[in-house]
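Next comes coords_16.txt, with compact mmCIF, C-alpha atoms and all ligand atoms.
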```txt
# COMPACT_ATOMS: atom_id res chain seq x y z
CA MET X 1191 17.15 -2.17 5.10
CA TYR X 1192 16.36 0.54 7.66
CA LEU X 1193 15.91 4.28 7.86
CA LYS X 1194 18.67 5.80 10.00
CA GLN X 1195 17.81 9.45 9.69
CA LEU X 1196 14.94 11.51 8.35
CA ILE X 1197 15.17 15.22 7.52
CA ILE X 1198 12.01 17.10 6.58
CA ASN X 1199 11.34 20.70 5.55
CA ASN X 1200 7.86 22.13 5.00
CA TYR X 1201 6.07 18.82 4.50
CA LYS X 1202 2.43 19.19 5.59
CA ASN X 1203 2.56 20.50 9.18
CA LEU X 1204 6.21 19.40 9.65
CA GLU X 1205 8.27 22.56 9.19
CA GLN X 1206 11.64 21.25 10.32
CA VAL X 1207 12.36 17.72 11.48
CA LYS X 1208 15.68 15.95 11.89
CA THR X 1209 15.39 12.60 13.63
CA ASP X 1210 17.53 9.49 14.10
CA PHE X 1211 15.75 6.15 14.29
CA THR X 1212 16.45 2.74 15.76
CA ARG X 1213 16.44 -0.29 13.49
CA GLY X 1214 13.85 -1.76 15.89
CA ILE X 1215 10.51 -0.11 16.73
CA ASN X 1216 9.99 3.66 16.44
CA CYS X 1217 6.83 5.10 17.97
CA PHE X 1218 5.27 8.49 17.43
CA VAL X 1219 2.87 9.50 20.18
CA GLY X 1220 0.92 12.74 20.49
CA TYR X 1221 -2.46 14.40 20.32
CA ASN X 1222 -4.81 14.30 17.34
CA GLY X 1223 -3.58 16.52 14.52
CA ALA X 1224 -0.01 16.66 15.90
CA GLY X 1225 1.62 15.28 12.73
CA LYS X 1226 2.10 11.56 13.50
CA THR X 1227 0.47 10.27 10.31
CA ASN X 1228 2.30 12.99 8.34
CA LEU X 1229 5.62 11.53 9.51
CA LEU X 1230 4.61 8.11 8.20
CA SER X 1231 3.38 9.50 4.90
CA ALA X 1232 6.72 11.36 4.52
CA ILE X 1233 8.55 8.04 4.90
CA TYR X 1234 6.09 6.50 2.42
CA TYR X 1235 7.03 9.20 -0.13
CA LEU X 1236 10.64 7.99 -0.05
CA SER X 1237 9.47 4.54 -1.14
CA ALA X 1238 6.54 5.22 -3.47
CA CYS X 1239 7.48 8.74 -4.73
CA LYS X 1240 3.93 9.83 -3.90
CA ASP X 1241 1.45 10.51 -1.14
CA TYR X 1242 -0.18 7.46 0.50
CA PHE X 1243 -3.56 9.17 0.33
CA ASN X 1244 -3.05 10.16 -3.33
CA LEU X 1245 -3.01 13.91 -2.69
CA PRO X 1246 -1.31 16.00 -5.38
CA ASP X 1247 2.31 16.81 -4.41
CA SER X 1248 1.77 20.56 -4.08
CA GLN X 1249 -1.01 20.06 -1.49
CA ASN X 1250 1.58 18.55 0.82
CA ILE X 1251 3.64 21.73 1.02
CA LEU X 1252 3.32 23.49 4.37
CA ASN X 1253 0.84 26.35 4.02
CA ASP X 1254 2.07 29.04 1.57
CA ASN X 1255 5.66 27.86 1.22
CA ASP X 1256 7.17 27.13 -2.19
CA PHE X 1257 8.68 23.71 -1.59
CA PHE X 1258 9.01 20.67 0.62
CA ILE X 1259 11.96 18.36 1.11
CA ILE X 1260 12.03 14.81 2.47
CA ASP X 1261 15.54 13.46 2.83
CA GLY X 1262 16.10 9.90 4.08
CA HIS X 1263 19.35 8.18 4.98
CA PHE X 1264 18.99 4.43 4.78
CA SER X 1265 21.23 1.54 5.62
CA LYS X 1266 21.03 -1.44 3.30
CA GLN X 1267 22.41 -4.68 4.72
CA ASP X 1268 24.93 -2.85 6.91
CA SER X 1269 26.53 -1.26 3.87
CA GLU X 1270 27.17 2.44 3.62
CA SER X 1271 24.37 4.92 3.92
CA GLU X 1272 22.05 5.34 0.94
CA ARG X 1273 20.38 8.69 0.53
CA VAL X 1274 16.91 9.00 -0.97
CA TYR X 1275 15.81 12.57 -1.60
CA CYS X 1276 12.40 13.88 -2.58
CA GLY X 1277 11.96 17.56 -3.35
CA VAL X 1278 8.77 19.22 -4.54
CA GLN X 1279 8.63 22.81 -5.76
CA ARG X 1280 5.25 24.38 -6.16
CA ASP X 1281 5.74 25.39 -9.80
CA ARG X 1282 8.50 23.04 -10.90
CA GLY X 1283 7.25 19.62 -9.84
CA LYS X 1284 9.03 16.78 -8.15
CA THR X 1285 12.62 15.55 -8.05
CA MET X 1286 13.57 12.17 -6.66
CA SER X 1287 17.20 11.19 -6.34
CA LEU X 1288 19.28 8.31 -5.08
CA ASN X 1289 22.72 9.18 -3.69
CA GLY X 1290 22.65 12.54 -5.46
CA LYS X 1291 21.65 11.18 -8.87
CA ASP X 1292 18.23 12.29 -10.12
CA TYR X 1293 15.83 9.68 -11.44
CA GLN X 1294 14.68 10.29 -15.02
CA ARG X 1295 11.68 8.04 -14.45
CA LEU X 1296 10.13 7.76 -10.97
CA SER X 1297 9.06 4.19 -11.76
CA ASP X 1298 12.77 3.21 -11.69
CA HIS X 1299 12.73 3.88 -7.95
CA ILE X 1300 9.65 1.74 -7.19
CA GLY X 1301 10.66 -1.38 -5.29
CA TYR X 1302 14.03 0.05 -4.18
CA ILE X 1303 12.80 0.83 -0.66
CA PRO X 1304 10.30 -1.95 0.08
CA LEU X 1305 7.67 -0.70 2.49
CA VAL X 1306 4.29 -1.81 3.81
CA MET X 1307 1.98 0.77 5.37
CA ILE X 1308 -1.23 0.06 7.25
CA THR X 1309 -3.66 2.89 8.03
CA PRO X 1310 -7.23 3.10 9.35
CA SER X 1311 -8.50 4.12 5.91
CA ASP X 1312 -7.35 0.78 4.43
CA THR X 1313 -10.58 -0.93 5.53
CA MET X 1314 -12.41 1.18 2.93
CA VAL X 1315 -11.27 -1.31 0.29
CA ILE X 1316 -13.78 -3.77 1.80
CA HIS X 1317 -16.70 -1.46 1.00
CA THR X 1318 -15.79 0.44 -2.14
CA GLY X 1319 -16.06 -0.77 -5.74
CA SER X 1320 -14.10 -3.67 -7.23
CA GLU X 1321 -11.70 -1.20 -8.89
CA ASP X 1322 -10.06 -0.48 -5.52
CA ARG X 1323 -9.55 -4.20 -4.81
CA ARG X 1324 -8.02 -4.69 -8.28
CA ARG X 1325 -5.76 -1.70 -7.57
CA MET X 1326 -4.67 -3.31 -4.30
CA LEU X 1327 -3.92 -6.55 -6.13
CA ASN X 1328 -2.02 -4.69 -8.86
CA PHE X 1329 0.01 -2.79 -6.28
CA MET X 1330 0.99 -5.97 -4.43
CA ILE X 1331 2.05 -7.87 -7.54
CA SER X 1332 3.82 -4.97 -9.26
CA GLN X 1333 6.19 -4.44 -6.33
CA PHE X 1334 8.22 -7.40 -7.46
CA ASP X 1335 7.01 -8.03 -11.02
CA ARG X 1336 7.77 -5.07 -13.26
CA SER X 1337 6.39 -6.62 -16.44
CA TYR X 1338 3.01 -7.12 -14.74
CA LEU X 1339 2.28 -3.42 -14.30
CA ASN X 1340 3.23 -2.80 -17.89
CA MET X 1341 0.79 -5.48 -19.05
CA VAL X 1342 -2.01 -3.92 -16.99
CA ILE X 1343 -1.31 -0.50 -18.51
CA GLN X 1344 -1.35 -1.97 -22.04
CA TYR X 1345 -4.55 -3.94 -21.34
CA ASN X 1346 -6.33 -0.84 -20.00
CA LYS X 1347 -5.32 1.14 -23.10
CA VAL X 1348 -6.78 -1.53 -25.39
CA ILE X 1349 -10.00 -1.61 -23.35
CA GLU X 1350 -10.32 2.17 -23.61
CA ASN X 1351 -9.84 2.11 -27.40
CA ARG X 1352 -12.11 -0.90 -27.89
CA ASN X 1353 -14.88 0.76 -25.87
CA LYS X 1354 -14.56 3.93 -27.97
CA ALA X 1355 -14.81 1.85 -31.13
CA LEU X 1356 -17.84 -0.06 -29.78
CA LYS X 1357 -19.64 3.20 -28.97
CA GLY X 1358 -18.87 4.54 -32.44
CA MET X 1359 -20.23 1.38 -34.05
CA ARG X 1360 -23.35 1.55 -31.92
CA GLU X 1361 -23.99 5.11 -33.03
CA THR X 1362 -23.39 4.48 -36.74
CA ARG X 1363 -25.02 1.04 -36.58
CA GLN X 1364 -22.11 -0.34 -38.58
CA THR X 1365 -19.99 -3.14 -37.19
CA ASP X 1366 -16.32 -3.19 -38.12
CA GLU X 1367 -15.41 -6.81 -37.39
CA LEU X 1368 -11.79 -6.37 -38.44
CA THR X 1369 -11.14 -3.58 -35.93
CA LEU X 1370 -12.72 -5.60 -33.13
CA GLU X 1371 -10.65 -8.66 -34.10
CA MET X 1372 -7.49 -6.53 -33.84
CA TYR X 1373 -8.39 -5.32 -30.36
CA ASP X 1374 -9.38 -8.83 -29.27
CA VAL X 1375 -5.99 -10.27 -30.21
CA GLN X 1376 -4.29 -7.76 -27.90
CA LEU X 1377 -6.85 -8.19 -25.12
CA ILE X 1378 -6.37 -11.96 -25.19
CA LYS X 1379 -2.58 -11.60 -25.11
CA TYR X 1380 -2.43 -9.24 -22.10
CA GLY X 1381 -5.61 -10.41 -20.34
CA THR X 1382 -4.64 -14.09 -20.29
CA ALA X 1383 -1.17 -13.29 -18.94
CA ILE X 1384 -2.54 -10.95 -16.24
CA HIS X 1385 -5.12 -13.55 -15.21
CA LYS X 1386 -2.44 -16.22 -14.89
CA THR X 1387 -0.21 -13.95 -12.78
CA ARG X 1388 -3.08 -12.92 -10.47
CA LYS X 1389 -4.21 -16.52 -10.05
CA THR X 1390 -0.73 -17.79 -9.18
CA PHE X 1391 -0.17 -14.89 -6.75
CA MET X 1392 -3.47 -15.53 -4.96
CA GLU X 1393 -2.85 -19.29 -4.74
CA ASN X 1394 0.42 -18.63 -2.90
CA PHE X 1395 -0.92 -15.74 -0.87
CA ILE X 1396 -4.07 -17.25 0.63
CA ASP X 1397 -2.32 -19.64 3.03
CA ILE X 1398 -0.03 -16.93 4.41
CA PHE X 1399 -3.05 -14.65 4.84
CA GLN X 1400 -5.09 -17.28 6.68
CA ARG X 1401 -2.13 -18.01 8.98
CA TYR X 1402 -1.80 -14.32 9.94
CA TYR X 1403 -5.50 -13.91 10.52
CA THR X 1404 -5.54 -16.89 12.88
CA LEU X 1405 -2.40 -15.67 14.67
CA ILE X 1406 -3.98 -12.28 15.38
CA SER X 1407 -7.55 -13.36 16.11
CA GLY X 1408 -6.48 -16.38 18.12
CA ASN X 1409 -9.68 -18.22 17.20
CA ASN X 1410 -10.97 -20.59 14.59
CA GLU X 1411 -12.77 -18.15 12.35
CA LYS X 1412 -12.24 -19.36 8.80
CA VAL X 1413 -11.33 -16.50 6.54
CA GLY X 1414 -11.56 -16.50 2.78
CA LEU X 1415 -9.94 -14.38 0.13
CA GLN X 1416 -11.24 -15.53 -3.20
CA TYR X 1417 -10.08 -14.37 -6.59
CA ASN X 1418 -13.12 -14.05 -8.83
CA SER X 1419 -12.53 -13.71 -12.54
CA GLN X 1420 -14.67 -14.49 -15.57
CA LEU X 1421 -11.50 -16.05 -16.98
CA ASN X 1422 -11.60 -18.70 -14.24
CA ASN X 1423 -14.49 -20.27 -16.17
CA GLY X 1424 -13.18 -20.61 -19.69
CA GLU X 1425 -11.13 -19.32 -22.61
CA PHE X 1426 -11.01 -15.54 -22.94
CA GLU X 1427 -11.17 -15.82 -26.73
CA THR X 1428 -14.42 -17.80 -26.67
CA MET X 1429 -15.94 -15.42 -24.12
CA LEU X 1430 -15.11 -12.36 -26.22
CA LYS X 1431 -16.76 -13.96 -29.25
CA GLN X 1432 -19.87 -14.91 -27.29
CA ALA X 1433 -20.11 -11.41 -25.80
CA ARG X 1434 -19.66 -9.57 -29.11
CA THR X 1435 -23.39 -8.80 -29.60
CA ALA X 1436 -23.82 -7.70 -25.98
CA ASP X 1437 -20.70 -5.50 -26.27
CA LEU X 1438 -22.03 -3.82 -29.41
CA THR X 1439 -25.39 -3.20 -27.75
CA SER X 1440 -23.91 -1.74 -24.57
CA GLY X 1441 -20.94 0.06 -26.20
CA TYR X 1442 -18.71 -1.48 -23.59
CA THR X 1443 -16.46 -4.55 -23.21
CA THR X 1444 -18.45 -6.81 -20.90
CA VAL X 1445 -15.91 -9.61 -20.32
CA GLY X 1446 -12.29 -9.57 -19.24
CA ILE X 1447 -9.93 -9.13 -16.31
CA HIS X 1448 -11.14 -5.53 -15.83
CA LYS X 1449 -14.15 -7.16 -14.13
CA ASP X 1450 -12.04 -9.22 -11.68
CA ASP X 1451 -12.73 -8.89 -7.97
CA LEU X 1452 -11.60 -10.22 -4.61
CA GLU X 1453 -14.23 -11.66 -2.30
CA PHE X 1454 -13.57 -11.31 1.44
CA THR X 1455 -15.34 -13.73 3.80
CA ILE X 1456 -15.29 -14.80 7.45
CA ASP X 1457 -16.93 -18.18 8.06
CA THR X 1458 -18.42 -17.93 4.54
CA ARG X 1459 -20.21 -14.64 5.33
CA ALA X 1460 -19.27 -11.51 3.36
CA VAL X 1461 -16.95 -9.31 5.45
CA LYS X 1462 -18.60 -6.12 4.16
CA LYS X 1463 -22.04 -7.27 5.28
CA SER X 1464 -21.54 -8.90 8.65
CA ALA X 1465 -18.03 -8.47 10.08
CA SER X 1466 -17.51 -6.15 13.05
CA GLN X 1467 -15.19 -3.15 12.72
CA GLY X 1468 -12.47 -4.96 14.67
CA GLN X 1469 -12.82 -8.04 12.46
CA GLN X 1470 -12.64 -5.88 9.33
CA LYS X 1471 -9.52 -4.21 10.64
CA THR X 1472 -7.97 -7.56 11.53
CA PHE X 1473 -8.79 -8.80 8.03
CA ILE X 1474 -6.92 -5.93 6.36
CA ILE X 1475 -3.98 -6.12 8.80
CA ALA X 1476 -3.67 -9.84 8.05
CA ILE X 1477 -3.65 -9.10 4.29
CA LYS X 1478 -0.92 -6.49 4.74
CA LEU X 1479 1.24 -8.58 7.06
CA ALA X 1480 0.89 -11.56 4.72
CA TYR X 1481 1.94 -9.28 1.91
CA TYR X 1482 4.93 -8.19 4.02
CA ASP X 1483 5.95 -11.85 4.35
CA TYR X 1484 5.40 -12.58 0.69
CA SER X 1485 7.37 -9.51 -0.42
CA ALA X 1486 10.24 -10.28 2.00
CA SER X 1487 10.49 -13.84 0.68
CA LYS X 1488 10.48 -12.67 -2.96
CA THR X 1489 13.00 -9.84 -2.61
CA GLU X 1490 15.01 -11.12 0.39
CA ILE X 1491 14.77 -7.62 1.87
CA LYS X 1492 12.67 -6.91 4.95
CA PRO X 1493 10.34 -4.04 4.05
CA LEU X 1494 9.86 -1.11 6.44
CA LEU X 1495 6.57 -1.56 8.27
CA LEU X 1496 4.48 1.55 8.97
CA LEU X 1497 1.53 1.07 11.33
CA ASP X 1498 -0.72 4.10 11.58
CA ASP X 1499 -3.24 4.12 14.45
CA ILE X 1500 -3.34 0.38 14.17
CA PHE X 1501 -4.66 -0.32 17.67
CA ASP X 1502 -7.86 1.66 17.47
CA LYS X 1503 -10.97 -0.65 17.45
CA LEU X 1504 -8.96 -3.75 18.35
CA ASP X 1505 -9.26 -5.56 21.66
CA SER X 1506 -6.20 -5.75 23.93
CA ILE X 1507 -5.54 -9.41 23.07
CA ARG X 1508 -5.36 -8.68 19.34
CA VAL X 1509 -3.17 -5.63 20.00
CA SER X 1510 -0.65 -7.65 22.05
CA LYS X 1511 -0.65 -10.40 19.42
CA ILE X 1512 0.12 -7.94 16.63
CA VAL X 1513 2.95 -6.29 18.54
CA ALA X 1514 4.43 -9.64 19.55
CA LEU X 1515 4.16 -10.76 15.93
CA VAL X 1516 5.81 -7.75 14.32
CA SER X 1517 8.55 -7.42 16.92
CA ALA X 1518 9.61 -11.00 16.16
CA ASP X 1519 12.81 -11.56 14.24
CA HIS X 1520 11.55 -11.84 10.70
CA PHE X 1521 10.17 -8.29 10.68
CA GLY X 1522 12.56 -5.39 10.15
CA GLN X 1523 12.26 -1.75 11.14
CA ILE X 1524 8.86 -0.61 12.35
CA PHE X 1525 7.16 2.77 12.76
CA ILE X 1526 4.01 2.98 14.89
CA THR X 1527 1.74 5.92 15.70
CA ASP X 1528 -0.66 6.12 18.61
CA ALA X 1529 -2.51 8.99 20.24
CA ASN X 1530 -2.50 7.00 23.49
CA LYS X 1531 0.97 7.32 25.00
CA VAL X 1532 0.31 5.16 28.08
CA ARG X 1533 -1.03 2.28 25.97
CA MET X 1534 2.04 2.45 23.74
CA GLU X 1535 4.44 2.45 26.70
CA ASN X 1536 2.66 -0.51 28.29
CA ILE X 1537 2.78 -2.54 25.12
CA LEU X 1538 6.45 -1.80 24.49
CA LYS X 1539 7.79 -2.59 27.92
CA ASP X 1540 6.98 -6.29 27.45
CA ILE X 1541 8.71 -6.74 24.14
CA ASN X 1542 12.16 -7.90 23.37
CA SER X 1543 13.20 -5.41 20.72
CA ASP X 1544 15.00 -2.05 20.71
CA TYR X 1545 12.62 0.85 20.58
CA LYS X 1546 12.40 4.62 20.65
CA ILE X 1547 9.41 6.71 21.62
CA PHE X 1548 9.07 10.17 20.07
CA SER X 1549 6.53 12.73 21.15
CA VAL X 1550 4.97 14.76 18.35
CA THR X 1551 3.55 18.17 19.21
CA CYS X 1552 2.29 20.65 16.61
CA GLY X 1553 4.63 19.27 13.94
CA GLU X 1554 7.68 19.05 16.21
CA VAL X 1555 9.31 15.73 17.03
CA GLN X 1556 11.23 15.02 20.23
CA LEU X 1557 12.86 11.82 21.45
CA GLN X 1558 11.22 10.83 24.75
CA TYR X 1559 12.64 7.44 25.51
CA GLU X 1560 14.94 4.81 24.05
CA THR X 1561 15.92 1.34 25.18
CA SER X 1562 19.40 1.16 26.62
CA THR X 1563 20.46 -1.70 24.33
CA ILE X 1564 23.52 -0.69 22.36
CA GLU X 1565 22.60 0.43 18.86
CA LYS X 1566 24.08 -1.70 16.15
N1 LIG T 1601 -0.15 21.22 3.47
C1 LIG T 1601 -0.32 21.38 4.79
N2 LIG T 1601 0.11 22.51 5.42
C2 LIG T 1601 -0.05 22.66 6.75
N3 LIG T 1601 -0.63 21.77 7.55
C3 LIG T 1601 -1.09 20.64 6.98
C4 LIG T 1601 -0.95 20.39 5.58
N4 LIG T 1601 -1.50 19.19 5.32
C5 LIG T 1601 -1.96 18.71 6.50
N5 LIG T 1601 -1.70 19.57 7.49
C6 LIG T 1601 -2.07 19.45 8.91
O1 LIG T 1601 -1.54 18.27 9.46
C7 LIG T 1601 -2.38 17.93 10.56
C8 LIG T 1601 -2.71 16.47 10.58
O2 LIG T 1601 -1.61 15.79 10.92
P1 LIG T 1601 -1.70 14.22 11.08
O3 LIG T 1601 -2.74 13.63 10.22
O4 LIG T 1601 -0.31 13.74 10.92
O5 LIG T 1601 -2.18 14.14 12.60
P2 LIG T 1601 -2.06 12.91 13.59
O6 LIG T 1601 -1.04 13.26 14.62
O7 LIG T 1601 -1.85 11.68 12.83
O8 LIG T 1601 -3.49 12.95 14.26
P3 LIG T 1601 -4.50 11.75 14.65
O9 LIG T 1601 -4.09 11.28 16.01
O10 LIG T 1601 -5.82 12.42 14.69
O11 LIG T 1601 -4.41 10.69 13.62
C9 LIG T 1601 -3.70 18.64 10.42
O12 LIG T 1601 -3.84 19.56 11.48
C10 LIG T 1601 -3.58 19.30 9.08
O13 LIG T 1601 -4.20 20.53 9.06
MG MG T 1602 -3.06 10.08 12.38
```
Rewrite the structure from the file as structure tokens, please.
Amino acid sequence: MYLKQLIINNYKNLEQVKTDFTRGINCFVGYNGAGKTNLLSAIYYLSACKDYFNLPDSQNILNDNDFFIIDGHFSKQDSESERVYCGVQRDRGKTMSLNGKDYQRLSDHIGYIPLVMITPSDTMVIHTGSEDRRRMLNFMISQFDRSYLNMVIQYNKVIENRNKALKGMRETRQTDELTLEMYDVQLIKYGTAIHKTRKTFMENFIDIFQRYYTLISGNNEKVGLQYNSQLNNGEFETMLKQARTADLTSGYTTVGIHKDDLEFTIDTRAVKKSASQGQQKTFIIAIKLAYYDYSASKTEIKPLLLLDDIFDKLDSIRVSKIVALVSADHFGQIFITDANKVRMENILKDINSDYKIFSVTCGEVQLQYETSTIEK
């Protein structure tokens, strides 16, 4: 799977772009604010039907215009071109289509264009609340397990209703055991299944993650990525029963998979407390590249890999290792941004893959250089 051509109108600061890409490495270089990250987030839209940074669609329209269009022509396993179109009109919302046919539900498109994006803001997940780490876990699993996301949605609905009921009972000081039993049956059904899926995913994922971290860092730091869940320690049903009084007192469901978290460590120390910025960045890059591997093995399609400003804060050894790693055969098409053109050129000249360098200036994209290898 690779993106052959991208056409953009009025997306963020990109008024008009029409660019052909190589199936190897595509680099966007240019000054701060030029539009490099915007190009990556436009490509991300074609996969996820939404902004990477969760901005509302209309905020991505260039200034006062009424619409934006992102139009991608992909090649899937050397077959004919597949066209993914995303159009947003300020007052009429969003249309996504595949080969001219509009999607009725955007969720039907999720997973069709596998893609992994890495940006500087990803390290925030180390420091923010556990909700963001659960969201990351949900995102990774739901890319290839559709029933999983549905279970999470159902579970969250039950939690919301149960919490409302608990608050009501606290206020009236009257416990309705039957209602709570009804909610508990559903919580146990979805919660136990979600826990099992998360546990199995993490058991498979951890080894791949550790391998990538070691490959990039080149040292013997021992990294840990632990799945913490109250359900690791016993039956959900028993826990709910034991927590009933506490739940009624607090007006909130105190046990369940909505309290799950991921614990990040380097040599048993918490990453958020003692890791350097470069180590934190390496940690997240290793998670994402491991996820790339995992996703590729599950779907047998190589996802697009989007690397935004990835080299900032990393030493030159780690940078070379990452580029060597991703330009190896088992990675597919890659998009990289860097404000430092000379660094990018120096890194690329030593690699064995086709590449194109585009300069981005005030929202305009121009091809600067391409390898002479014949395009397949
Ligand atoms: N809806 C919009 N309309 C017009 N311009 C926008 C819109 N949204 C964002 N921009 C502009 O896009 C520019 C940022 O582009 P982008 O983040 O792609 O820069 P960059 O090249 O990645 O820079 P850096 O090297 O600093 O990461 C900003 O100047 C911002 O004002
Ligand atoms: Mg940027």
Write out as a PDB file with C-alpha atoms, keeping the file's coordinate frame each polymer residue whose atoms come within 7 Å of X:Ser1287, counting only C-alpha atoms; drop sequence neighbours fewer than 5 positions from it.
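selection.pdb written:
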```pdb
ATOM      1  CA  VAL X1274      16.910   9.000  -0.970  1.00  0.00           C
ATOM      2  CA  TYR X1275      15.810  12.570  -1.600  1.00  0.00           C
ATOM      3  CA  CYS X1276      12.400  13.880  -2.580  1.00  0.00           C
ATOM      4  CA  ASP X1292      18.230  12.290 -10.120  1.00  0.00           C
ATOM      5  CA  TYR X1293      15.830   9.680 -11.440  1.00  0.00           C
TER       6      TYR X1293
END
```
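Environment of ligand MG 1602 (chain T), defined as every protein or nucleic acid residue with an atom within 10 Å of it and counting all atoms listed in the file, comprises Phe1218, Val1219, Gly1220, Tyr1221, Asn1222, Gly1223, Ala1224, Gly1225, Lys1226, Thr1227, Asn1228, Leu1229, Leu1230, Ser1231, Thr1309, Pro1310, Asp1498, Asp1499, Ile1500, Thr1527, Asp1528 and Ala1529 of chain X.
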query = Using all atoms listed in the file, which residue out of X:Glu1270, X:Glu1554, X:Asp1261, X:Glu1535 lies closest to ligand LIG 1601 (chain T)?
reply =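 Among the listed residues, X:Glu1554 lies closest to ligand LIG 1601 (chain T).
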Between atom CA of X:Ser1248 and atom CA of X:Gln1206, measure the distance and give it in Å to one decimal.
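Straight-line distance from atom CA of X:Ser1248 to atom CA of X:Gln1206 works out to 17.5 Å.
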Shortest contact to X:Gln1344, candidates X:Thr1209, X:Gln1364, X:Gln1376, X:Asn1409, atoms counted only C-alpha atoms, goes to X:Gln1376
X:Tyr1403 surroundings by only C-alpha atoms, 10 Å radius, close-in-sequence under 2 positions cut, as a VMD selection string
chain X and resid 1397 to 1401 1405 to 1413 1469 1472 to 1477 1479 to 1480
- In Å, with one decimal, what is the gap from atom CA of X:Leu1377 to atom CA of X:Val1348?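 Atom CA of X:Val1348 lies 6.7 Å from atom CA of X:Leu1377.
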So which residues fall inside 9 Å of (6.2, 3.5, 16.7) if we count all atoms listed in the file? Mind giving them as a CSV table (one decimal) with C-alpha atoms, keeping the file's coordinate frame?
```
chain,number,residue,atom,x,y,z
X,1215,ILE,CA,10.5,-0.1,16.7
X,1216,ASN,CA,10.0,3.7,16.4
X,1217,CYS,CA,6.8,5.1,18.0
X,1218,PHE,CA,5.3,8.5,17.4
X,1219,VAL,CA,2.9,9.5,20.2
X,1496,LEU,CA,4.5,1.6,9.0
X,1497,LEU,CA,1.5,1.1,11.3
X,1498,ASP,CA,-0.7,4.1,11.6
X,1524,ILE,CA,8.9,-0.6,12.4
X,1525,PHE,CA,7.2,2.8,12.8
X,1526,ILE,CA,4.0,3.0,14.9
X,1527,THR,CA,1.7,5.9,15.7
X,1528,ASP,CA,-0.7,6.1,18.6
X,1534,MET,CA,2.0,2.4,23.7
X,1545,TYR,CA,12.6,0.8,20.6
X,1546,LYS,CA,12.4,4.6,20.6
X,1547,ILE,CA,9.4,6.7,21.6
X,1548,PHE,CA,9.1,10.2,20.1
```
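Distances to X:Ile1303 were evaluated for X:Gly1214, X:Pro1493, X:Gly1319, X:Gly1414 using all atoms listed in the file, and the minimum falls at X:Pro1493.
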Using only C-alpha atoms, the shortest atom-to-atom distance to X:Ser1510 among X:Phe1243, X:Tyr1235, X:Arg1533, X:Arg1325 belongs to X:Arg1533
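Closest approach to ligand LIG 1601 (chain T) among X:Phe1257, X:Tyr1481, X:Phe1329, X:Phe1211: X:Phe1257, based on only C-alpha atoms and all ligand atoms.
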As a PDB file, keeping the file's coordinate frame, the rebuilt stretch 1298-1310 of chain X with N, CA and C atoms:
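This is the output file result_31.pdb:
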```
ATOM      1  N   ASP X1298      11.511   3.938 -11.919  1.00  0.00           N
ATOM      2  CA  ASP X1298      12.770   3.210 -11.690  1.00  0.00           C
ATOM      3  C   ASP X1298      13.078   3.064 -10.201  1.00  0.00           C
ATOM      4  N   HIS X1299      12.465   3.931  -9.393  1.00  0.00           N
ATOM      5  CA  HIS X1299      12.730   3.880  -7.950  1.00  0.00           C
ATOM      6  C   HIS X1299      11.808   2.885  -7.226  1.00  0.00           C
ATOM      7  N   ILE X1300      10.658   2.604  -7.846  1.00  0.00           N
ATOM      8  CA  ILE X1300       9.650   1.740  -7.190  1.00  0.00           C
ATOM      9  C   ILE X1300      10.268   0.361  -6.910  1.00  0.00           C
ATOM     10  N   GLY X1301      10.111  -0.072  -5.673  1.00  0.00           N
ATOM     11  CA  GLY X1301      10.660  -1.380  -5.290  1.00  0.00           C
ATOM     12  C   GLY X1301      12.030  -1.258  -4.632  1.00  0.00           C
ATOM     13  N   TYR X1302      12.678  -0.093  -4.749  1.00  0.00           N
ATOM     14  CA  TYR X1302      14.030   0.050  -4.180  1.00  0.00           C
ATOM     15  C   TYR X1302      13.995   0.106  -2.655  1.00  0.00           C
ATOM     16  N   ILE X1303      12.987   0.792  -2.119  1.00  0.00           N
ATOM     17  CA  ILE X1303      12.800   0.830  -0.660  1.00  0.00           C
ATOM     18  C   ILE X1303      11.497   0.083  -0.366  1.00  0.00           C
ATOM     19  N   PRO X1304      11.555  -1.221  -0.172  1.00  0.00           N
ATOM     20  CA  PRO X1304      10.300  -1.950   0.080  1.00  0.00           C
ATOM     21  C   PRO X1304       9.660  -1.464   1.388  1.00  0.00           C
ATOM     22  N   LEU X1305       8.366  -1.287   1.329  1.00  0.00           N
ATOM     23  CA  LEU X1305       7.670  -0.700   2.490  1.00  0.00           C
ATOM     24  C   LEU X1305       6.215  -1.167   2.496  1.00  0.00           C
ATOM     25  N   VAL X1306       5.711  -1.473   3.676  1.00  0.00           N
ATOM     26  CA  VAL X1306       4.290  -1.810   3.810  1.00  0.00           C
ATOM     27  C   VAL X1306       3.691  -0.864   4.839  1.00  0.00           C
ATOM     28  N   MET X1307       2.621  -0.173   4.436  1.00  0.00           N
ATOM     29  CA  MET X1307       1.980   0.770   5.370  1.00  0.00           C
ATOM     30  C   MET X1307       0.553   0.326   5.640  1.00  0.00           C
ATOM     31  N   ILE X1308       0.148   0.417   6.885  1.00  0.00           N
ATOM     32  CA  ILE X1308      -1.230   0.060   7.250  1.00  0.00           C
ATOM     33  C   ILE X1308      -1.867   1.261   7.944  1.00  0.00           C
ATOM     34  N   THR X1309      -2.994   1.727   7.423  1.00  0.00           N
ATOM     35  CA  THR X1309      -3.660   2.890   8.030  1.00  0.00           C
ATOM     36  C   THR X1309      -5.137   2.569   8.264  1.00  0.00           C
ATOM     37  N   PRO X1310      -5.804   3.363   9.104  1.00  0.00           N
ATOM     38  CA  PRO X1310      -7.230   3.100   9.350  1.00  0.00           C
ATOM     39  C   PRO X1310      -8.057   3.158   8.078  1.00  0.00           C
TER      40      PRO X1310
END
```
